[in-house]
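Next comes input23.cif, a file with mmCIF, C-alpha atoms and all ligand atoms.
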```cif
data_model
#
loop_
_atom_site.label_atom_id
_atom_site.label_comp_id
_atom_site.auth_asym_id
_atom_site.auth_seq_id
_atom_site.Cartn_x
_atom_site.Cartn_y
_atom_site.Cartn_z
CA MET A 1 85.33 46.62 236.05
CA HIS A 2 87.28 49.68 237.21
CA THR A 3 91.05 50.01 237.05
CA HIS A 4 92.75 52.11 239.71
CA SER A 5 96.29 53.30 240.06
CA ILE A 6 96.93 53.42 243.79
CA ALA A 7 99.84 55.52 245.04
CA LEU A 8 101.79 53.97 247.92
CA PRO A 9 104.63 55.95 249.57
CA ASP A 10 107.30 54.24 247.41
CA THR A 11 105.44 52.83 244.40
CA ARG A 12 102.12 52.52 242.59
CA LEU A 13 99.78 49.52 242.41
CA ALA A 14 97.39 48.69 239.55
CA VAL A 15 94.13 47.37 241.02
CA HIS A 16 90.98 46.11 239.32
CA THR A 17 87.65 46.27 241.13
CA SER A 18 84.18 45.05 240.17
CA GLY A 19 80.85 44.28 241.81
CA VAL A 20 79.25 45.39 245.04
CA GLY A 21 78.91 43.57 248.35
CA PRO A 22 81.39 42.18 250.86
CA PRO A 23 84.95 43.07 249.84
CA VAL A 24 87.07 40.18 248.56
CA LEU A 25 90.79 40.63 247.92
CA LEU A 26 92.26 38.18 245.37
CA LEU A 27 96.07 37.86 245.57
CA HIS A 28 97.87 36.24 242.65
CA GLY A 29 100.72 33.72 242.66
CA PHE A 30 104.33 34.07 241.49
CA PRO A 31 105.30 35.41 238.95
CA LEU A 32 101.81 36.10 237.65
CA ASP A 33 99.38 39.02 237.74
CA HIS A 34 95.73 39.87 238.42
CA SER A 35 94.57 38.17 235.21
CA MET A 36 95.08 34.71 236.71
CA TRP A 37 91.76 35.47 238.48
CA ASP A 38 89.82 36.24 235.25
CA GLY A 39 87.77 33.06 235.73
CA GLN A 40 86.50 34.53 239.01
CA ASN A 41 84.91 37.60 237.35
CA PRO A 42 81.40 36.06 237.68
CA LEU A 43 81.80 36.30 241.49
CA ALA A 44 81.34 40.07 241.11
CA ASP A 45 77.59 39.30 240.95
CA ALA A 46 77.82 38.47 244.68
CA VAL A 47 80.79 40.37 246.11
CA ARG A 48 83.10 43.34 245.52
CA LEU A 49 86.24 41.94 243.91
CA ILE A 50 89.52 43.76 244.50
CA VAL A 51 92.26 42.27 242.34
CA PRO A 52 95.69 43.93 242.44
CA ASP A 53 98.89 43.36 240.57
CA GLN A 54 101.25 43.03 243.52
CA ARG A 55 104.33 45.27 243.60
CA GLY A 56 106.54 44.81 240.54
CA PHE A 57 104.07 42.43 238.84
CA GLY A 58 101.65 43.16 235.97
CA ALA A 59 101.06 46.90 235.56
CA SER A 60 102.21 47.81 239.07
CA GLY A 61 105.37 49.76 239.69
CA GLY A 62 108.49 48.84 241.62
CA ASP A 63 111.19 46.25 241.23
CA GLY A 64 109.37 43.51 243.08
CA PRO A 65 108.79 42.74 246.73
CA ALA A 66 111.36 43.06 249.49
CA SER A 67 109.41 40.52 251.55
CA ILE A 68 106.07 38.75 251.84
CA ALA A 69 105.33 41.01 254.83
CA GLN A 70 105.79 44.07 252.62
CA MET A 71 103.22 42.71 250.15
CA ALA A 72 100.82 42.15 253.06
CA ASP A 73 101.26 45.76 254.17
CA ASP A 74 100.78 46.90 250.54
CA ALA A 75 97.47 45.03 250.40
CA VAL A 76 96.20 46.74 253.54
CA ALA A 77 97.40 50.13 252.27
CA LEU A 78 95.49 49.60 249.04
CA LEU A 79 92.31 48.71 250.96
CA ASP A 80 92.78 51.98 252.88
CA CYS A 81 93.19 53.91 249.62
CA LEU A 82 89.95 52.34 248.35
CA HIS A 83 88.26 53.37 251.65
CA ILE A 84 87.60 49.74 252.53
CA HIS A 85 87.92 49.69 256.30
CA GLU A 86 85.53 46.82 257.06
CA PRO A 87 87.20 43.39 257.35
CA ALA A 88 87.61 41.75 253.93
CA ILE A 89 87.60 38.18 252.68
CA ILE A 90 91.28 37.61 251.88
CA CYS A 91 91.94 34.98 249.23
CA GLY A 92 95.41 34.16 247.94
CA LEU A 93 96.98 31.53 245.73
CA SER A 94 100.44 30.17 246.51
CA MET A 95 102.59 33.32 246.94
CA GLY A 96 99.28 35.19 247.34
CA GLY A 97 98.41 32.64 250.04
CA TYR A 98 101.64 33.46 251.88
CA VAL A 99 100.66 37.14 251.66
CA ALA A 100 97.15 36.35 252.92
CA GLN A 101 98.64 34.54 255.94
CA HIS A 102 100.83 37.56 256.70
CA ILE A 103 97.79 39.86 256.48
CA ALA A 104 96.01 37.59 258.99
CA ALA A 105 99.02 37.69 261.31
CA ARG A 106 99.92 41.40 260.95
CA HIS A 107 96.50 42.98 260.42
CA PRO A 108 93.92 40.58 261.91
CA SER A 109 91.26 43.29 262.23
CA ARG A 110 91.22 43.58 258.39
CA VAL A 111 90.34 39.91 257.83
CA ARG A 112 86.77 38.68 257.80
CA SER A 113 87.72 35.26 256.51
CA LEU A 114 90.56 33.54 254.68
CA ILE A 115 90.71 31.44 251.53
CA LEU A 116 94.13 29.83 251.08
CA VAL A 117 94.59 28.17 247.70
CA ASP A 118 97.44 25.89 246.55
CA THR A 119 99.75 27.22 249.24
CA LYS A 120 101.43 26.10 252.46
CA LEU A 121 102.26 27.30 255.96
CA GLU A 122 105.83 26.04 256.12
CA ALA A 123 108.96 27.97 255.12
CA ASP A 124 111.28 26.78 252.35
CA THR A 125 113.70 23.98 253.11
CA PRO A 126 117.41 24.88 252.70
CA GLN A 127 117.39 22.83 249.48
CA ALA A 128 114.41 24.79 248.09
CA ARG A 129 116.30 28.04 248.84
CA VAL A 130 119.30 26.81 246.89
CA LEU A 131 117.04 25.98 243.93
CA ARG A 132 115.47 29.45 244.06
CA ARG A 133 118.92 31.10 244.08
CA SER A 134 120.01 29.00 241.13
CA LEU A 135 116.80 29.89 239.23
CA ALA A 136 117.36 33.59 239.99
CA ALA A 137 120.91 33.37 238.61
CA GLN A 138 119.61 31.74 235.41
CA VAL A 139 116.89 34.39 235.03
CA LEU A 140 119.51 37.14 235.32
CA ARG A 141 121.43 35.52 232.46
CA LEU A 142 118.63 34.26 230.24
CA GLY A 143 115.42 36.12 231.12
CA PRO A 144 111.92 35.00 232.16
CA GLU A 145 111.68 32.17 229.59
CA VAL A 146 113.70 30.06 232.04
CA VAL A 147 110.94 30.47 234.62
CA ALA A 148 108.23 29.68 232.08
CA LYS A 149 110.03 26.45 231.13
CA ALA A 150 110.68 25.49 234.75
CA MET A 151 107.27 26.38 236.14
CA ILE A 152 104.49 25.82 233.60
CA PRO A 153 104.69 21.99 233.61
CA ASN A 154 104.49 22.12 237.42
CA LEU A 155 101.72 24.70 237.60
CA LEU A 156 99.15 22.59 235.75
CA SER A 157 97.98 19.05 236.41
CA GLN A 158 99.58 16.46 234.14
CA SER A 159 96.72 13.96 234.64
CA ALA A 160 95.10 12.46 231.52
CA GLU A 161 91.86 14.30 232.34
CA ALA A 162 93.68 17.65 232.63
CA LEU A 163 95.63 17.09 229.41
CA ALA A 164 92.32 16.40 227.64
CA ASN A 165 90.79 19.67 228.89
CA PRO A 166 89.82 21.68 225.75
CA GLN A 167 91.08 24.78 227.61
CA ARG A 168 94.54 23.29 228.16
CA LEU A 169 96.39 25.23 225.44
CA ALA A 170 94.69 28.47 226.46
CA LEU A 171 95.72 27.90 230.10
CA GLU A 172 99.33 27.27 229.11
CA ALA A 173 99.30 30.33 226.85
CA ALA A 174 97.88 32.55 229.61
CA LEU A 175 100.54 31.39 232.08
CA HIS A 176 103.28 31.86 229.48
CA ARG A 177 102.07 35.37 228.69
CA MET A 178 102.03 36.38 232.37
CA ILE A 179 105.45 34.92 233.13
CA MET A 180 107.07 36.42 230.02
CA ALA A 181 105.65 39.83 230.97
CA ALA A 182 107.28 39.69 234.41
CA ALA A 183 110.34 41.93 234.72
CA VAL A 184 113.64 40.23 235.59
CA PRO A 185 114.24 42.34 238.76
CA THR A 186 110.75 41.44 239.97
CA ILE A 187 111.32 37.72 239.40
CA VAL A 188 114.66 37.85 241.20
CA ALA A 189 113.26 39.88 244.12
CA GLY A 190 110.22 37.58 244.26
CA LEU A 191 112.38 34.44 244.44
CA GLU A 192 114.36 35.99 247.28
CA ALA A 193 111.21 37.03 249.17
CA LEU A 194 109.71 33.55 248.71
CA GLY A 195 112.90 31.88 249.95
CA ASP A 196 113.17 34.19 252.97
CA ARG A 197 109.56 33.83 254.10
CA PRO A 198 109.08 32.62 257.67
CA ASP A 199 107.24 29.52 258.82
CA MET A 200 103.65 30.58 259.56
CA THR A 201 102.52 27.43 261.38
CA GLU A 202 102.49 29.00 264.86
CA ALA A 203 100.80 32.20 263.65
CA MET A 204 98.12 30.27 261.76
CA ALA A 205 97.26 28.23 264.86
CA HIS A 206 95.78 31.48 266.22
CA VAL A 207 93.56 32.31 263.23
CA ALA A 208 90.09 33.09 264.56
CA VAL A 209 88.16 33.61 261.31
CA PRO A 210 86.45 31.09 259.01
CA THR A 211 89.06 29.60 256.69
CA LEU A 212 88.69 27.62 253.48
CA LEU A 213 91.67 25.65 252.15
CA VAL A 214 91.65 24.63 248.48
CA VAL A 215 94.18 22.48 246.63
CA GLY A 216 94.38 20.50 243.39
CA ASP A 217 94.76 16.75 243.91
CA ASP A 218 97.70 16.85 241.47
CA ASP A 219 99.42 19.98 242.84
CA SER A 220 103.13 19.17 242.71
CA ILE A 221 104.32 22.51 244.19
CA THR A 222 102.13 22.57 247.31
CA PRO A 223 100.67 19.05 247.36
CA PRO A 224 97.40 18.18 249.16
CA GLU A 225 99.41 17.01 252.21
CA CYS A 226 100.47 20.66 252.79
CA LEU A 227 96.86 21.82 252.95
CA ALA A 228 95.83 18.76 254.97
CA ARG A 229 98.47 19.75 257.56
CA ALA A 230 97.17 23.35 257.47
CA ALA A 231 93.66 22.03 258.11
CA GLN A 232 94.95 20.36 261.29
CA ILE A 233 96.47 23.64 262.44
CA ILE A 234 93.99 26.37 261.49
CA PRO A 235 91.08 26.11 263.94
CA GLY A 236 87.80 25.09 262.28
CA SER A 237 89.17 25.31 258.74
CA ARG A 238 87.57 23.40 255.85
CA LEU A 239 89.61 21.58 253.22
CA LEU A 240 88.59 21.10 249.59
CA ILE A 241 90.71 18.90 247.30
CA VAL A 242 89.78 19.50 243.67
CA PRO A 243 90.19 16.57 241.25
CA HIS A 244 92.24 16.78 238.04
CA CYS A 245 93.86 20.07 239.09
CA GLY A 246 97.43 21.10 239.78
CA HIS A 247 98.70 24.30 241.41
CA MET A 248 96.25 26.65 239.66
CA VAL A 249 92.78 25.52 240.78
CA PRO A 250 91.03 28.88 240.12
CA MET A 251 92.25 28.73 236.49
CA GLU A 252 92.08 24.95 235.91
CA ALA A 253 88.59 24.49 237.40
CA ALA A 254 87.12 27.98 237.68
CA HIS A 255 83.53 26.71 237.97
CA VAL A 256 84.43 24.32 240.85
CA PHE A 257 86.42 27.04 242.62
CA ASN A 258 83.65 29.62 242.17
CA ALA A 259 80.98 27.22 243.45
CA ALA A 260 83.14 26.46 246.53
CA PHE A 261 83.67 30.18 247.06
CA LEU A 262 79.94 30.92 246.91
CA ASP A 263 79.19 27.99 249.20
CA PHE A 264 81.73 29.36 251.72
CA LEU A 265 80.47 32.95 251.41
CA GLY A 266 77.65 32.49 253.94
CA VAL A 267 80.12 31.15 256.52
CA ALA A 268 82.70 33.75 255.52
CA CYS A 269 80.34 36.64 256.17
CA HIS A 270 78.80 35.20 259.32
CA SER A 271 81.80 36.30 261.36
CA ALA A 272 81.32 40.02 260.61
C1 LIG B 301 103.56 30.48 243.38
O1 LIG B 301 102.82 29.83 242.64
O2 LIG B 301 103.21 31.58 243.83
C2 LIG B 301 104.91 29.93 243.73
O3 LIG B 301 105.05 28.66 243.16
C3 LIG B 301 105.11 29.88 245.20
C4 LIG B 301 106.36 29.18 245.61
O4 LIG B 301 107.23 28.92 244.76
O5 LIG B 301 106.52 28.91 246.83
#
```

Would you mind writing the file's structure down as structure tokens?
Amino acid sequence: MHTHSIALPDTRLAVHTSGVGPPVLLLHGFPLDHSMWDGQNPLADAVRLIVPDQRGFGASGGDGPASIAQMADDAVALLDCLHIHEPAIICGLSMGGYVAQHIAARHPSRVRSLILVDTKLEADTPQARVLRRSLAAQVLRLGPEVVAKAMIPNLLSQSAEALANPQRLALEAALHRMIMAAAVPTIVAGLEALGDRPDMTEAMAHVAVPTLLVVGDDDSITPPECLARAAQIIPGSRLLIVPHCGHMVPMEAAHVFNAAFLDFLGVACHSA
């Protein structure tokens, strides 16, 4: 595993790379960091993993994203800085999935295939935007603990099987650590960028690369119906619904996610 500090014109991104083979960009969710993908480290036996902290998150600089489009442009700039010019497999969870969709729309020549995890194509409803603004106001007053309290119960499956998972406490602790480490300006900027993101349905109808859609059967933030709708829209996409998982499939069922990834890899690379 190598850690890079990549200089962009207006900030600096911390990026972790490991393995050799086809490049795979893993984009984390909100308000997390690269370590949510730790369970995917074994994939470095088959591919070159590129796992950034997006702007403002983890060890990266900046006060958070101005928009999802900006994070997409950051991701392409970091591939350039790493001299990765061949199309990459772009995999993103939730907010990372929104970023992945924007990369596909804005920089299609950089995408070999897409893996969209626990995410959706649609924009926020007006009511969801109001909730984000209210959460941002609370974070400004009380700090990131508010987000941890609001989000952690919704990030993980509450099914009996998930609650009995021996890793449950470790998963909760990892999420808590990441959220508590997020800076207040980054959380506030992130909530605004999430609320302002456009509907990607029309853009995703034109995706011309192999696409895998993954969602937990108990995801309460982007439920399976969201990904089922995406599967109707993205030409030729495959849908995997993972049992006993919520919004964090790569963490909650790393072995299932990794097996699905490796199974998809042949298809994903066929398009090169
Ligand atoms: C995430 O997990 O990245 C967020 O829940 C995304 C969102 O709130 O839309």

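For region 214-225 of chain A, the set of protein, DNA and RNA residues having any atom at most 7 Å away, when counting only C-alpha atoms and skipping those fewer than 6 positions along the same chain, is A:Leu116, A:Val117, A:Asp118, A:Thr119, A:Lys120, A:Asn154, A:Ser157, A:Leu239, A:Leu240, A:Ile241, A:Val242, A:Pro243, A:His244, A:Cys245, A:Gly246, A:His247, A:Val249.
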
Mind writing the picked residues with C-alpha atoms as a short mmCIF file (atom, residue, chain, number, x, y, z; two decimals), keeping the file's coordinate frame?
```cif
data_model
loop_
_atom_site.label_atom_id
_atom_site.label_comp_id
_atom_site.auth_asym_id
_atom_site.auth_seq_id
_atom_site.Cartn_x
_atom_site.Cartn_y
_atom_site.Cartn_z
CA LEU A 116 94.13 29.83 251.08
CA VAL A 117 94.59 28.17 247.70
CA ASP A 118 97.44 25.89 246.55
CA THR A 119 99.75 27.22 249.24
CA LYS A 120 101.43 26.10 252.46
CA ASN A 154 104.49 22.12 237.42
CA SER A 157 97.98 19.05 236.41
CA LEU A 239 89.61 21.58 253.22
CA LEU A 240 88.59 21.10 249.59
CA ILE A 241 90.71 18.90 247.30
CA VAL A 242 89.78 19.50 243.67
CA PRO A 243 90.19 16.57 241.25
CA HIS A 244 92.24 16.78 238.04
CA CYS A 245 93.86 20.07 239.09
CA GLY A 246 97.43 21.10 239.78
CA HIS A 247 98.70 24.30 241.41
CA VAL A 249 92.78 25.52 240.78
#
```

Checklist outcome for this item: Atom pair CA of His107 (chain A) + CA of Val76 (chain A), distance 7.8 Å

Item to check | Near-ligand residues for ligand LIG 301 (chain B), threshold 8 Å, all atoms listed in the file, as a PyMOL selection string | outcome: chain A and resi 28-32+93-97+118-119+124+151+155+191+194-195+221-222+247-248

Suppose we keep C-alpha atoms; can you now write the selection as a PDB file, in the frame of the given file?
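selection_38.pdb was written with the following content:
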```pdb
ATOM      1  CA  HIS A  28      97.870  36.240 242.650  1.00  0.00           C
ATOM      2  CA  GLY A  29     100.720  33.720 242.660  1.00  0.00           C
ATOM      3  CA  PHE A  30     104.330  34.070 241.490  1.00  0.00           C
ATOM      4  CA  PRO A  31     105.300  35.410 238.950  1.00  0.00           C
ATOM      5  CA  LEU A  32     101.810  36.100 237.650  1.00  0.00           C
ATOM      6  CA  LEU A  93      96.980  31.530 245.730  1.00  0.00           C
ATOM      7  CA  SER A  94     100.440  30.170 246.510  1.00  0.00           C
ATOM      8  CA  MET A  95     102.590  33.320 246.940  1.00  0.00           C
ATOM      9  CA  GLY A  96      99.280  35.190 247.340  1.00  0.00           C
ATOM     10  CA  GLY A  97      98.410  32.640 250.040  1.00  0.00           C
ATOM     11  CA  ASP A 118      97.440  25.890 246.550  1.00  0.00           C
ATOM     12  CA  THR A 119      99.750  27.220 249.240  1.00  0.00           C
ATOM     13  CA  ASP A 124     111.280  26.780 252.350  1.00  0.00           C
ATOM     14  CA  MET A 151     107.270  26.380 236.140  1.00  0.00           C
ATOM     15  CA  LEU A 155     101.720  24.700 237.600  1.00  0.00           C
ATOM     16  CA  LEU A 191     112.380  34.440 244.440  1.00  0.00           C
ATOM     17  CA  LEU A 194     109.710  33.550 248.710  1.00  0.00           C
ATOM     18  CA  GLY A 195     112.900  31.880 249.950  1.00  0.00           C
ATOM     19  CA  ILE A 221     104.320  22.510 244.190  1.00  0.00           C
ATOM     20  CA  THR A 222     102.130  22.570 247.310  1.00  0.00           C
ATOM     21  CA  HIS A 247      98.700  24.300 241.410  1.00  0.00           C
ATOM     22  CA  MET A 248      96.250  26.650 239.660  1.00  0.00           C
TER      23      MET A 248
END
```

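Here CA of Arg141 (chain A) stands at a distance of 17.2 Å from CA of Asp63 (chain A).
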
Contacts of region 64-70 of chain A at 8 Å or less, counting all atoms listed in the file, minus same-chain residues fewer than 6 places along, as a CSV table (one decimal) with C-alpha atoms, in the coordinates of the input?
```csv
chain,number,residue,atom,x,y,z
A,55,ARG,CA,104.3,45.3,243.6
A,56,GLY,CA,106.5,44.8,240.5
A,57,PHE,CA,104.1,42.4,238.8
A,98,TYR,CA,101.6,33.5,251.9
A,99,VAL,CA,100.7,37.1,251.7
A,102,HIS,CA,100.8,37.6,256.7
A,103,ILE,CA,97.8,39.9,256.5
A,185,PRO,CA,114.2,42.3,238.8
A,186,THR,CA,110.8,41.4,240.0
A,187,ILE,CA,111.3,37.7,239.4
A,188,VAL,CA,114.7,37.8,241.2
A,189,ALA,CA,113.3,39.9,244.1
A,190,GLY,CA,110.2,37.6,244.3
A,192,GLU,CA,114.4,36.0,247.3
A,193,ALA,CA,111.2,37.0,249.2
A,194,LEU,CA,109.7,33.6,248.7
A,196,ASP,CA,113.2,34.2,253.0
A,197,ARG,CA,109.6,33.8,254.1
```

Anything within 12 Å of (102.2, 55.0, 239.6): list those residues as a CSV table (one decimal) with C-alpha atoms, in the coordinates of the input, counting only C-alpha atoms and sticking to the file's coordinates.
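Output saved as part.csv:
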```
chain,number,residue,atom,x,y,z
A,4,HIS,CA,92.8,52.1,239.7
A,5,SER,CA,96.3,53.3,240.1
A,6,ILE,CA,96.9,53.4,243.8
A,7,ALA,CA,99.8,55.5,245.0
A,8,LEU,CA,101.8,54.0,247.9
A,9,PRO,CA,104.6,56.0,249.6
A,10,ASP,CA,107.3,54.2,247.4
A,11,THR,CA,105.4,52.8,244.4
A,12,ARG,CA,102.1,52.5,242.6
A,13,LEU,CA,99.8,49.5,242.4
A,14,ALA,CA,97.4,48.7,239.6
A,15,VAL,CA,94.1,47.4,241.0
A,55,ARG,CA,104.3,45.3,243.6
A,56,GLY,CA,106.5,44.8,240.5
A,59,ALA,CA,101.1,46.9,235.6
A,60,SER,CA,102.2,47.8,239.1
A,61,GLY,CA,105.4,49.8,239.7
A,62,GLY,CA,108.5,48.8,241.6
```
